>>> print(open('run-v5.cif').read())   # mmCIF, C-alpha atoms and all ligand atoms
data_coords
#
loop_
_atom_site.group_PDB
_atom_site.id
_atom_site.type_symbol
_atom_site.label_atom_id
_atom_site.label_comp_id
_atom_site.auth_asym_id
_atom_site.auth_seq_id
_atom_site.Cartn_x
_atom_site.Cartn_y
_atom_site.Cartn_z
ATOM 1 C CA MET A 101 0.000 0.000 0.000
ATOM 2 C CA LYS A 102 1.374 3.410 -0.878
ATOM 3 C CA THR A 103 2.103 5.710 2.035
ATOM 4 C CA LEU A 104 0.468 9.066 1.747
ATOM 5 C CA PRO A 105 2.210 12.345 2.458
ATOM 6 C CA VAL A 106 1.823 13.681 5.984
ATOM 7 C CA LEU A 107 0.205 17.097 5.667
ATOM 8 C CA PHE A 108 0.943 18.783 8.962
ATOM 9 C CA LYS A 109 3.462 18.718 11.754
ATOM 10 C CA SER A 110 2.769 19.609 15.377
ATOM 11 C CA VAL A 111 4.486 22.766 16.692
ATOM 12 C CA PRO A 112 4.515 24.670 20.014
ATOM 13 C CA VAL A 113 1.958 27.418 20.579
ATOM 14 C CA PRO A 114 3.373 30.606 19.016
ATOM 15 C CA MET A 115 4.431 33.075 21.710
ATOM 16 C CA ARG A 116 1.966 35.840 20.831
ATOM 17 C CA GLN A 117 -0.971 33.423 20.737
ATOM 18 C CA ARG A 118 -0.411 32.277 24.317
ATOM 19 C CA GLU A 119 -2.345 35.255 25.612
ATOM 20 C CA TYR A 120 -5.578 33.825 24.187
ATOM 21 C CA ARG A 121 -7.158 30.943 26.105
ATOM 22 C CA VAL A 122 -8.091 29.064 22.927
ATOM 23 C CA GLY A 123 -4.561 29.662 21.615
ATOM 24 C CA ARG A 124 -2.951 28.226 24.738
ATOM 25 C CA THR A 125 -5.186 25.203 25.000
ATOM 26 C CA SER A 126 -5.345 24.142 21.339
ATOM 27 C CA LYS A 127 -3.030 22.128 19.165
ATOM 28 C CA TRP A 128 -0.919 24.006 16.645
ATOM 29 C CA TYR A 129 0.489 22.715 13.384
ATOM 30 C CA THR A 130 2.431 23.814 10.371
ATOM 31 C CA TRP A 131 3.131 22.186 7.001
ATOM 32 C CA SER A 132 5.022 18.908 7.434
ATOM 33 C CA PRO A 133 8.629 18.869 6.137
ATOM 34 C CA GLU A 134 7.558 16.933 3.007
ATOM 35 C CA LEU A 135 4.714 19.360 2.247
ATOM 36 C CA ARG A 136 7.127 22.230 2.776
ATOM 37 C CA VAL A 137 9.524 20.785 0.194
ATOM 38 C CA PHE A 138 6.668 20.164 -2.247
ATOM 39 C CA LEU A 139 5.083 23.592 -1.763
ATOM 40 C CA SER A 140 8.401 25.439 -2.131
ATOM 41 C CA GLU A 141 8.944 23.733 -5.462
ATOM 42 C CA TRP A 142 5.299 24.202 -6.457
ATOM 43 C CA CYS A 143 5.390 27.909 -5.640
ATOM 44 C CA LYS A 144 8.503 28.384 -7.804
ATOM 45 C CA LYS A 145 6.714 26.780 -10.757
ATOM 46 C CA VAL A 146 3.370 28.551 -10.500
ATOM 47 C CA ARG A 147 4.124 32.219 -10.430
ATOM 48 C CA LYS A 148 1.247 33.102 -12.764
ATOM 49 C CA THR A 149 -2.127 33.045 -11.081
ATOM 50 C CA ARG A 150 -4.078 34.322 -14.077
ATOM 51 C CA TYR A 151 -5.064 30.743 -14.961
ATOM 52 C CA VAL A 152 -7.108 30.432 -11.787
ATOM 53 C CA LYS A 153 -10.780 30.775 -12.692
ATOM 54 C CA ARG A 154 -13.695 31.802 -10.550
ATOM 55 C CA VAL A 155 -16.460 29.263 -11.138
ATOM 56 C CA TYR A 156 -20.122 29.637 -10.190
ATOM 57 C CA LEU A 157 -21.566 26.278 -9.192
ATOM 58 C CA SER A 158 -25.149 27.414 -9.025
ATOM 59 C CA ASN A 159 -27.054 30.660 -9.217
ATOM 60 C CA ARG A 160 -29.158 29.766 -6.218
ATOM 61 C CA LYS A 161 -26.767 30.676 -3.517
ATOM 62 C CA TYR A 162 -24.654 33.668 -2.682
ATOM 63 C CA TYR A 163 -21.781 31.455 -1.530
ATOM 64 C CA HIS A 164 -21.735 29.031 -4.439
ATOM 65 C CA ASP A 165 -18.590 30.178 -6.149
ATOM 66 C CA THR A 166 -15.122 28.780 -6.017
ATOM 67 C CA TYR A 167 -11.694 29.307 -7.484
ATOM 68 C CA SER A 168 -10.630 26.428 -9.665
ATOM 69 C CA LEU A 169 -7.616 25.375 -11.690
ATOM 70 C CA LYS A 170 -7.161 22.240 -13.793
ATOM 71 C CA PRO A 171 -4.016 20.380 -12.648
ATOM 72 C CA LYS A 172 -2.897 19.918 -16.261
ATOM 73 C CA PHE A 173 -1.892 23.578 -16.245
ATOM 74 C CA ILE A 174 1.246 22.531 -14.406
ATOM 75 C CA ASN A 175 3.707 21.234 -16.910
ATOM 76 C CA ASN A 176 5.569 18.957 -14.529
ATOM 77 C CA THR A 177 4.558 15.313 -14.120
ATOM 78 C CA LYS A 178 6.376 14.824 -10.845
ATOM 79 C CA LEU A 179 4.594 17.755 -9.182
ATOM 80 C CA ARG A 180 1.242 16.642 -10.588
ATOM 81 C CA LYS A 181 1.716 13.136 -9.147
ATOM 82 C CA GLN A 182 2.738 14.542 -5.799
ATOM 83 C CA LEU A 183 -0.327 16.774 -5.808
ATOM 84 C CA ASP A 184 -2.498 13.710 -6.421
ATOM 85 C CA SER A 185 -1.062 11.994 -3.358
ATOM 86 C CA ILE A 186 -1.525 15.160 -1.303
ATOM 87 C CA ALA A 187 -5.166 15.249 -2.392
ATOM 88 C CA ASP A 188 -5.446 11.657 -1.117
ATOM 89 C CA SER A 189 -4.107 12.808 2.233
ATOM 90 C CA PHE A 190 -6.722 15.575 2.371
ATOM 91 C CA TYR A 191 -9.364 12.981 1.461
ATOM 92 C CA LYS A 192 -8.238 10.715 4.304
ATOM 93 C CA LEU A 193 -7.680 13.497 6.830
ATOM 94 C CA LYS A 194 -9.215 12.665 10.187
ATOM 95 C CA TYR A 195 -10.882 15.673 11.693
ATOM 96 C CA SER A 196 -10.646 16.546 15.330
ATOM 97 C CA LYS A 197 -13.684 17.580 17.342
ATOM 98 C CA ASN A 198 -11.564 20.456 18.581
ATOM 99 C CA SER A 199 -10.517 23.445 16.563
ATOM 100 C CA ILE A 200 -6.883 23.267 15.524
ATOM 101 C CA PHE A 201 -4.589 26.105 14.552
ATOM 102 C CA PHE A 202 -1.810 26.650 12.053
ATOM 103 C CA THR A 203 1.228 28.857 11.950
ATOM 104 C CA ASN A 204 4.028 29.625 9.449
ATOM 105 C CA MET A 205 1.934 28.348 6.543
ATOM 106 C CA ILE A 206 3.208 31.177 4.325
ATOM 107 C CA ASP A 207 6.865 32.116 4.361
ATOM 108 C CA GLY A 208 9.656 33.159 1.955
ATOM 109 C CA SER A 209 9.322 30.087 -0.272
ATOM 110 C CA ILE A 210 5.647 29.219 0.289
ATOM 111 C CA THR A 211 3.918 32.192 -1.225
ATOM 112 C CA GLU A 212 0.373 33.465 -1.115
ATOM 113 C CA ASN A 213 0.101 33.132 -4.928
ATOM 114 C CA GLY A 214 1.510 29.621 -4.884
ATOM 115 C CA LEU A 215 -1.002 28.552 -2.248
ATOM 116 C CA HIS A 216 -3.781 30.216 -4.240
ATOM 117 C CA CYS A 217 -2.962 27.921 -7.203
ATOM 118 C CA PHE A 218 -2.450 24.951 -4.862
ATOM 119 C CA PHE A 219 -5.934 25.169 -3.318
ATOM 120 C CA ALA A 220 -7.544 25.895 -6.702
ATOM 121 C CA CYS A 221 -5.928 22.722 -8.136
ATOM 122 C CA LEU A 222 -6.574 20.635 -5.039
ATOM 123 C CA ARG A 223 -10.230 21.467 -5.399
ATOM 124 C CA GLU A 224 -10.284 20.067 -8.942
ATOM 125 C CA ILE A 225 -8.642 16.812 -7.866
ATOM 126 C CA LEU A 226 -10.906 16.327 -4.861
ATOM 127 C CA ILE A 227 -14.134 16.872 -6.785
ATOM 128 C CA LYS A 228 -13.036 14.163 -9.245
ATOM 129 C CA LYS A 229 -12.355 11.817 -6.361
ATOM 130 C CA PHE A 230 -15.793 12.442 -4.878
ATOM 131 C CA ASN A 231 -17.457 12.721 -8.244
ATOM 132 C CA ASP A 232 -19.253 15.736 -6.871
ATOM 133 C CA ARG A 233 -18.404 19.310 -7.838
ATOM 134 C CA PHE A 234 -19.723 20.612 -4.517
ATOM 135 C CA SER A 235 -17.468 18.384 -2.414
ATOM 136 C CA ALA A 236 -14.565 20.854 -2.300
ATOM 137 C CA MET A 237 -14.627 24.604 -2.685
ATOM 138 C CA TYR A 238 -11.903 27.166 -2.529
ATOM 139 C CA SER A 239 -14.288 29.897 -1.742
ATOM 140 C CA PRO A 240 -13.551 33.619 -2.189
ATOM 141 C CA ILE A 241 -14.468 35.829 0.718
ATOM 142 C CA TYR A 242 -16.911 38.681 0.362
ATOM 143 C CA THR A 243 -15.627 42.168 0.643
ATOM 144 C CA ARG A 244 -19.064 43.751 0.593
ATOM 145 C CA GLU A 245 -19.633 42.617 4.146
ATOM 146 C CA THR A 246 -19.361 45.426 6.623
ATOM 147 C CA TYR A 247 -16.174 45.498 8.623
ATOM 148 C CA GLU A 248 -17.002 48.071 11.279
ATOM 149 C CA LYS A 249 -19.326 45.657 13.056
ATOM 150 C CA ASP A 250 -18.733 42.185 14.428
ATOM 151 C CA PHE A 251 -19.639 39.403 12.019
ATOM 152 C CA PRO A 252 -21.565 37.309 14.518
ATOM 153 C CA LEU A 253 -21.085 33.605 15.198
ATOM 154 C CA HIS A 254 -22.337 31.344 12.429
ATOM 155 C CA SER A 255 -21.614 28.190 10.490
ATOM 156 C CA ASP A 256 -21.009 28.678 6.777
ATOM 157 C CA ILE A 257 -23.153 25.643 5.940
ATOM 158 C CA PHE A 258 -21.410 25.098 2.659
ATOM 159 C CA ILE A 259 -22.028 21.604 1.323
ATOM 160 C CA PRO A 260 -18.504 20.456 2.251
ATOM 161 C CA LYS A 261 -17.937 20.427 5.991
ATOM 162 C CA ILE A 262 -14.284 20.940 6.853
ATOM 163 C CA LEU A 263 -13.265 24.557 6.899
ATOM 164 C CA LEU A 264 -9.617 25.521 6.516
ATOM 165 C CA MET A 265 -8.911 29.225 6.859
ATOM 166 C CA LEU A 266 -5.481 30.690 6.225
ATOM 167 C CA PHE A 267 -5.003 34.366 6.904
ATOM 168 C CA VAL A 268 -2.999 36.450 4.489
ATOM 169 C CA GLN A 269 -3.729 40.166 4.950
ATOM 170 C CA VAL A 270 -4.931 40.805 8.450
ATOM 171 C CA PRO A 271 -5.728 44.195 9.906
ATOM 172 C CA LYS A 272 -3.208 45.514 12.442
ATOM 173 C CA GLY A 273 -3.910 45.552 16.163
ATOM 174 C CA ARG A 274 -6.212 43.399 18.208
ATOM 175 C CA THR A 275 -9.392 43.928 16.175
ATOM 176 C CA GLY A 276 -10.596 41.847 13.232
ATOM 177 C CA GLY A 277 -9.813 38.530 14.942
ATOM 178 C CA THR A 278 -11.747 35.284 15.101
ATOM 179 C CA PHE A 279 -14.539 34.226 17.418
ATOM 180 C CA LEU A 280 -15.207 30.524 17.956
ATOM 181 C CA LEU A 281 -17.949 28.698 19.818
ATOM 182 C CA SER A 282 -18.463 24.945 19.827
ATOM 183 C CA VAL A 283 -21.885 23.560 18.985
ATOM 184 C CA GLU A 284 -21.620 21.575 22.226
ATOM 185 C CA ASP A 285 -21.502 24.874 24.112
ATOM 186 C CA LEU A 286 -24.281 26.298 21.952
ATOM 187 C CA LYS A 287 -26.517 23.388 22.979
ATOM 188 C CA LYS A 288 -25.795 24.088 26.659
ATOM 189 C CA ILE A 289 -26.628 27.760 26.105
ATOM 190 C CA PHE A 290 -29.887 26.839 24.365
ATOM 191 C CA SER A 291 -30.957 24.737 27.325
ATOM 192 C CA LYS A 292 -30.654 27.806 29.597
ATOM 193 C CA ILE A 293 -32.854 30.095 27.520
ATOM 194 C CA LYS A 294 -36.471 29.768 28.457
ATOM 195 C CA LEU A 295 -37.768 32.068 25.740
ATOM 196 C CA LEU A 296 -36.249 30.016 22.944
ATOM 197 C CA PRO A 297 -38.915 27.582 21.690
ATOM 198 C CA LYS A 298 -37.910 23.935 21.558
ATOM 199 C CA GLU A 299 -38.700 23.684 17.858
ATOM 200 C CA LYS A 300 -36.282 26.561 17.072
ATOM 201 C CA ARG A 301 -33.488 24.824 18.982
ATOM 202 C CA LYS A 302 -34.190 21.619 17.176
ATOM 203 C CA LEU A 303 -34.307 23.418 13.847
ATOM 204 C CA VAL A 304 -30.848 24.948 14.368
ATOM 205 C CA LEU A 305 -29.402 21.540 15.183
ATOM 206 C CA ARG A 306 -31.188 19.932 12.259
ATOM 207 C CA ILE A 307 -29.857 22.539 9.822
ATOM 208 C CA LEU A 308 -26.352 21.777 11.093
ATOM 209 C CA LYS A 309 -26.887 18.070 10.640
ATOM 210 C CA GLU A 310 -28.587 17.910 7.283
ATOM 211 C CA THR A 311 -27.005 19.448 4.248
ATOM 212 C CA ASN A 312 -29.272 19.846 1.307
ATOM 213 C CA ARG A 313 -27.881 21.463 -1.802
ATOM 214 C CA ASN A 314 -31.345 22.345 -3.059
ATOM 215 C CA ASN A 315 -32.340 24.117 0.058
ATOM 216 C CA ASP A 316 -29.890 26.608 1.488
ATOM 217 C CA ARG A 317 -30.873 27.271 5.086
ATOM 218 C CA TYR A 318 -28.084 29.608 6.110
ATOM 219 C CA ASP A 319 -30.414 32.613 6.497
ATOM 220 C CA GLU A 320 -32.935 30.667 8.538
ATOM 221 C CA PHE A 321 -30.133 29.482 10.790
ATOM 222 C CA PHE A 322 -28.625 32.961 11.098
ATOM 223 C CA TYR A 323 -31.923 34.668 11.982
ATOM 224 C CA ILE A 324 -32.689 32.270 14.820
ATOM 225 C CA LEU A 325 -29.294 33.051 16.306
ATOM 226 C CA HIS A 326 -29.132 36.776 15.638
ATOM 227 C CA ASP A 327 -32.389 38.493 14.649
ATOM 228 C CA GLU A 328 -32.858 41.320 17.148
ATOM 229 C CA ASP A 329 -36.632 40.916 17.040
ATOM 230 C CA ASN A 330 -36.473 37.425 18.526
ATOM 231 C CA PRO A 331 -37.682 37.491 22.133
ATOM 232 C CA TRP A 332 -34.747 35.253 23.102
ATOM 233 C CA ASN A 333 -32.139 37.355 21.314
ATOM 234 C CA LYS A 334 -30.773 39.396 24.213
ATOM 235 C CA GLU A 335 -30.158 36.448 26.456
ATOM 236 C CA LEU A 336 -28.778 34.300 23.675
ATOM 237 C CA GLN A 337 -26.320 37.027 22.664
ATOM 238 C CA LYS A 338 -25.236 37.546 26.250
ATOM 239 C CA LEU A 339 -24.541 33.857 26.820
ATOM 240 C CA MET A 340 -22.847 33.332 23.465
ATOM 241 C CA ASN A 341 -20.616 36.369 24.041
ATOM 242 C CA ARG A 342 -19.668 35.029 27.442
ATOM 243 C CA LYS A 343 -18.778 31.598 26.154
ATOM 244 C CA ARG A 344 -17.137 32.365 22.801
ATOM 245 C CA GLU A 345 -13.376 32.252 22.391
ATOM 246 C CA TYR A 346 -11.411 35.008 20.712
ATOM 247 C CA ILE A 347 -8.066 34.863 18.963
ATOM 248 C CA LYS A 348 -6.321 37.284 16.645
ATOM 249 C CA LEU A 349 -4.453 35.230 14.064
ATOM 250 C CA GLU A 350 -1.606 36.699 12.075
ATOM 251 C CA SER A 351 -0.602 36.421 8.452
ATOM 252 C CA GLY A 352 0.419 32.826 7.705
ATOM 253 C CA GLN A 353 -1.693 31.507 10.571
ATOM 254 C CA GLY A 354 -5.095 29.904 10.372
ATOM 255 C CA TYR A 355 -7.470 27.332 11.739
ATOM 256 C CA LEU A 356 -9.314 24.177 10.782
ATOM 257 C CA ILE A 357 -12.753 23.323 12.121
ATOM 258 C CA HIS A 358 -15.631 21.028 11.322
ATOM 259 C CA ASP A 359 -18.192 23.635 10.249
ATOM 260 C CA ARG A 360 -21.092 21.754 11.858
ATOM 261 C CA LEU A 361 -19.314 21.368 15.190
ATOM 262 C CA TRP A 362 -18.058 24.932 15.506
ATOM 263 C CA LEU A 363 -19.466 28.373 14.892
ATOM 264 C CA HIS A 364 -17.067 31.085 13.847
ATOM 265 C CA GLY A 365 -17.274 34.843 13.556
ATOM 266 C CA ARG A 366 -15.157 37.932 13.170
ATOM 267 C CA LYS A 367 -14.582 40.864 15.473
ATOM 268 C CA ARG A 368 -15.135 44.268 13.900
ATOM 269 C CA SER A 369 -12.127 45.680 12.190
ATOM 270 C CA LYS A 370 -10.722 49.151 11.675
ATOM 271 C CA SER A 371 -9.768 48.486 8.102
ATOM 272 C CA LYS A 372 -11.678 47.175 5.100
ATOM 273 C CA ILE A 373 -11.976 43.465 4.382
ATOM 274 C CA THR A 374 -9.998 42.788 1.215
ATOM 275 C CA ILE A 375 -10.266 39.797 -1.101
ATOM 276 C CA LYS A 376 -6.747 38.872 0.032
ATOM 277 C CA ARG A 377 -7.696 38.714 3.685
ATOM 278 C CA LEU A 378 -7.712 34.934 3.767
ATOM 279 C CA GLN A 379 -7.743 31.712 1.788
ATOM 280 C CA ARG A 380 -10.821 29.630 2.579
ATOM 281 C CA PHE A 381 -10.692 25.994 1.545
ATOM 282 C CA VAL A 382 -13.778 23.940 2.371
ATOM 283 C CA PHE A 383 -13.763 20.236 1.698
ATOM 284 C CA ASN A 384 -15.270 16.897 2.505
ATOM 285 C CA THR A 385 -13.239 13.933 3.580
ATOM 286 C CA LYS A 386 -13.961 10.222 3.550
ATOM 287 C CA GLN A 387 -14.842 10.551 7.220
ATOM 288 C CA THR A 388 -17.287 13.466 6.861
ATOM 289 C CA LEU A 389 -19.189 11.501 4.246
ATOM 290 C CA GLU A 390 -19.442 8.421 6.439
ATOM 291 C CA ILE A 391 -21.100 10.282 9.306
HETATM 292 FE FE FE A 401 -18.085 32.266 7.721
#
>>> encode(input="run-v5.cif", output="structure tokens")
Amino acid sequence: MKTLPVLFKSVPVPMRQREYRVGRTSKWYTWSPELRVFLSEWCKKVRKTRYVKRVYLSNRKYYHDTYSLKPKFINNTKLRKQLDSIADSFYKLKYSKNSIFFTNMIDGSITENGLHCFFACLREILIKKFNDRFSAMYSPIYTRETYEKDFPLHSDIFIPKILLMLFVQVPKGRTGGTFLLSVEDLKKIFSKIKLLPKEKRKLVLRILKETNRNNDRYDEFFYILHDEDNPWNKELQKLMNRKREYIKLESGQGYLIHDRLWLHGRKRSKSKITIKRLQRFVFNTKQTLEI
């Protein structure tokens, strides 16, 4: 049996992230040595990003677009084969119930542009493996969203379930960071709120459990959690704010979560959200499909 490349290597908590509780208590990783060698070579070869296309998978949903790049664009058989094996490792990746963090994912030889092509190509290989064009998305972020207000806790509820976020251009200072709240904690919060009807609680959990590509329920989900007119809103916000974790990740850092086990959000920022803020790769694995 062929051994697959190891994707990540465990590293100590970066010094500046020790001040955040979730930073101190979580596992941190970086690219494994073999991925680092591959990506350095890859990044040298793929300086031109103009081949990366933005593809719209359906006109039904605001979030249904992805960057994509056919692997044949890379004129190097060895790199293409290695990329295939790396895609297998992503396919077989075992997710943790905890959020995990990354650091030093972009450096002198592993460039933002190189990673942009890498994720766009990886997406193409994974969708072939799954035979489903929704099973992996390298999804652009939206710059129309306001940045002066918090982007409250939510799940993206894309069809794929594992969310890998790598930050590239982050605003300076302590604002603009990431909020995280586990669905386990959300359930505990729900049980404390008397004004929240049982059927609404159940609906939120059902939306997280069932993914239906013909019925996007993100808005429904979001309004139960955040609509100010809901009689339970004040208490829910108070308890979620108390329980959520906050961490300000730096350029080259990121996190990986199971989107149905964790909610994420963004603290307001002093500067505009640019398209280069982060690289968002969302994918299914063998394991997410089995459950
Ligand atoms: Fe999101």
>>> resolve_selection(input="run-v5.cif", expression="the PyMOL selection byres (((chain A and resi 351) around 12) and not hetatm)", output="number ranges by chain")
A: 202-207, 211-212, 265-272, 277, 348-350, 352-355, 376-379
>>> resolve_selection(input="run-v5.cif", expression="the PyMOL selection byres (((not hetatm)) within 7 of (chain A and resi 401))", output="ChimeraX atom specification")
/A:254-256,364-365
>>> atom_distance(input="run-v5.cif", atom1="CA of Phe234 (chain A)", atom2="CA of Asn384 (chain A)")
9.1 Å
>>> atom_distance(input="run-v5.cif", atom1="CA of Arg136 (chain A)", atom2="CA of Ser209 (chain A)")
8.7 Å
>>> closest_residue(input="run-v5.cif", among="A:Ile373, A:Ile200, A:Val113, A:Val152", to="Gly276 (chain A)", atoms="only C-alpha atoms")
A:Ile373
>>> build_atoms(input="run-v5.cif", residues="region 317-333 of chain A", atoms="N, CA and C atoms", output="short mmCIF file (atom, residue, chain, number, x, y, z; two decimals), in the coordinates of the input")
data_model
loop_
_atom_site.label_atom_id
_atom_site.label_comp_id
_atom_site.auth_asym_id
_atom_site.auth_seq_id
_atom_site.Cartn_x
_atom_site.Cartn_y
_atom_site.Cartn_z
N ARG A 317 -30.17 26.81 3.89
CA ARG A 317 -30.87 27.27 5.09
C ARG A 317 -30.01 28.19 5.95
N TYR A 318 -28.99 28.74 5.34
CA TYR A 318 -28.08 29.61 6.11
C TYR A 318 -28.85 30.78 6.76
N ASP A 319 -29.71 31.43 5.97
CA ASP A 319 -30.41 32.61 6.50
C ASP A 319 -31.32 32.25 7.67
N GLU A 320 -32.04 31.15 7.50
CA GLU A 320 -32.94 30.67 8.54
C GLU A 320 -32.15 30.44 9.85
N PHE A 321 -31.03 29.78 9.68
CA PHE A 321 -30.13 29.48 10.79
C PHE A 321 -29.65 30.77 11.46
N PHE A 322 -29.21 31.71 10.62
CA PHE A 322 -28.62 32.96 11.10
C PHE A 322 -29.68 33.80 11.86
N TYR A 323 -30.90 33.84 11.34
CA TYR A 323 -31.92 34.67 11.98
C TYR A 323 -32.33 34.13 13.35
N ILE A 324 -32.35 32.82 13.49
CA ILE A 324 -32.69 32.27 14.82
C ILE A 324 -31.61 32.70 15.83
N LEU A 325 -30.38 32.69 15.38
CA LEU A 325 -29.29 33.05 16.31
C LEU A 325 -29.16 34.56 16.53
N HIS A 326 -29.53 35.37 15.54
CA HIS A 326 -29.13 36.78 15.64
C HIS A 326 -30.21 37.83 15.37
N ASP A 327 -31.39 37.46 14.94
CA ASP A 327 -32.39 38.49 14.65
C ASP A 327 -32.79 39.22 15.95
N GLU A 328 -32.60 40.54 15.93
CA GLU A 328 -32.86 41.32 17.15
C GLU A 328 -34.30 41.28 17.60
N ASP A 329 -35.21 40.96 16.67
CA ASP A 329 -36.63 40.92 17.04
C ASP A 329 -37.02 39.64 17.79
N ASN A 330 -36.15 38.66 17.81
CA ASN A 330 -36.47 37.42 18.53
C ASN A 330 -36.54 37.71 20.03
N PRO A 331 -37.58 37.23 20.69
CA PRO A 331 -37.68 37.49 22.13
C PRO A 331 -36.51 36.90 22.93
N TRP A 332 -35.86 35.89 22.38
CA TRP A 332 -34.75 35.25 23.10
C TRP A 332 -33.39 35.88 22.76
N ASN A 333 -33.41 36.89 21.88
CA ASN A 333 -32.14 37.35 21.31
C ASN A 333 -31.15 37.90 22.35
#
